[in-house]
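A short worksheet on the structure shown next.
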Amino acid sequence: MSPGRWIRRLPAVLLAASLTASTTGPALAAYQGTIASNESAFEPPCLAFDDPYPEKMLKAATAAFAELGYAGRAYSGGAFTRAAYLSRTANDWGTYVHSHGDHYWHAADGRRYAGFREDSGDCSQAVVYSKEIAAKRAGKQANLVVMSMCHVGEDASTMPGAFAIAKQKYREGSWGGPEFFVGYLGDAWDNDEWTFEVAFWDAIGPGYGAGEAYDVAAAQVFSHAFEANWWGSYDYTGRAGPLPS
C-alpha cells in the first residue's frame with residue numbers, strides 16, 4: 001500500500017493536526033537510526049574465505065534508511081562493538097544489523113535470549129542480548145527493525161520485544177502503529193539474505209508499505225532453503241517518526 005493510500009485512512013482531525021504541525025510548527029527532529037554489519041566474522045582469519053556480502057548489505061541498508069528519513073550512522077569492523085551499539089539504541093527510531101544471530105545462553109539469568117555478535121575487528125565477538133537492548137530502550141517503540149541474521153525471526157525470538165514491537169501481524173487494513181520487524185528463521189546464507197534485502201529495499205523505497213515490500217522480497221528465488229518472518233503493521237511505510245509522512 002502506498003503512503004498516499006494509507007494517509008487517506010487517517011481520521012480527518014488527526015490528518016489536519018499533522019499537516020498544521022508540519023507547516024507551522026518547528027522543524028522535525030532528526031530520527032536517529034543505527035546500521036551495523038559484522039564484517040570481521042565473515043572474512044579471514046575468522047572465516048576461510050572473504051564473504052563479500054556484509055559490506056554490500058551495510059551500504060544498501062545505510063542508503064535505504066537515509067531514503068526513509070532516518071539520521072543514520074553506520075558501523076562495521078572495529079567500530080561495531082557491543083558498547084557502541086548499546087550506547088545508541090535508547091535513541092534509535094530504527095536499526096539494521098547484519099551479524100551472527102541466535103538464541104544465546106545468558107548464564108546470569110539461566111535462560112536464552114535472542115542476540116547477535118558484535119564485530120570488534122577480531123574473532124572474539126561478544127553477544128549483544130535482546131535483554132540489554134530492552135533495558136536501554138525502556139519500552140520505547142521502534143519504527144523499523146531489520147535483523148539480518150539467523151534465528152532472530154523465529155517465534156521464540158525475544159528481539160522484537162526489545163524494541164517494544166509486539167509479535168503480532170497487523171494485516172492490510174489493520175494498524176498496530178508505525179512499526180515493522182523483519183528477521184530470518186533457521187540458518188540463513190548471506191547470499192540469500194542479500195537477495196531478500198535488495199528486493200525489500202527496492203520495494204519499500206518508492207513508497208510501498210513494509211508488508212508489501214516484505215512480500216516482494218520473500219517471493220524471490222533463493223539458493224538455499226530460506227525463510228524470513230515479520231511482525232508489525234503491514235501498511236506501515238517504514239518512514240521514520242511517530243507517523244509516516
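Residue numbers start at 1 in each chain; chains themselves are named A, B, ... in the order of the C-alpha cells; ligands are numbered from 1 in the order shown.
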
Residues near Gly183 in chain A, anyone? I mean within 6 Å using only C-alpha atoms, not counting same-chain ones fewer than 2 positions away, as JSON, numbers by chain. {"A": [147, 152, 153, 228, 229]}

Residues as selected, N, CA, C and O atoms, written as a compact mmCIF listing (two decimals), in the first residue's frame, can you do that?
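Result file again18.txt:
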# COMPACT_ATOMS: atom_id res chain seq x y z
N MET A 147 16.71 -7.32 11.23
CA MET A 147 17.76 -8.12 11.81
C MET A 147 18.19 -9.18 10.79
O MET A 147 17.54 -10.20 10.61
N VAL A 152 16.75 -15.06 14.52
CA VAL A 152 16.15 -13.98 15.30
C VAL A 152 14.71 -13.68 14.88
O VAL A 152 13.97 -13.02 15.60
N GLY A 153 14.28 -14.20 13.71
CA GLY A 153 12.90 -14.03 13.29
C GLY A 153 11.98 -15.17 13.71
O GLY A 153 10.80 -15.18 13.33
N ALA A 228 12.01 -15.93 5.90
CA ALA A 228 12.01 -14.73 6.73
C ALA A 228 10.67 -14.63 7.46
O ALA A 228 9.73 -15.37 7.18
N ASN A 229 10.60 -13.70 8.39
CA ASN A 229 9.38 -13.51 9.16
C ASN A 229 9.25 -12.03 9.51
O ASN A 229 10.24 -11.31 9.56

So which bits of range 43-200 of chain A end up strand (DSSP E) when you DSSP the backbone, as an MDAnalysis selection string? chainID A and resid 70:76 94:98 101:106 111:117 127:129 144:148 169:170 180:184

Report as a PyMOL selection string: the residues of range 15-206 of chain A with a DSSP assignment of helix (DSSP H, G or I), based on the backbone of this structure. chain A and resi 15-24+40-42+53-67+77-79+82-91+130-137+159-162+190-204

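Of the listed residues (A:Val128, A:Ile133, A:Gly115, A:Cys46), A:Ile133 comes nearest to Arg88 in chain A; the distances count only C-alpha atoms.
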
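Nearest residue to Pro242 in chain A, choosing from A:Thr81, A:Asn143, A:Asn191, A:Ser120 and counting only C-alpha atoms: A:Asn143.
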
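The spacing separating CA of Gly94 in chain A from CA of Ala225 in chain A amounts to 27.9 Å.
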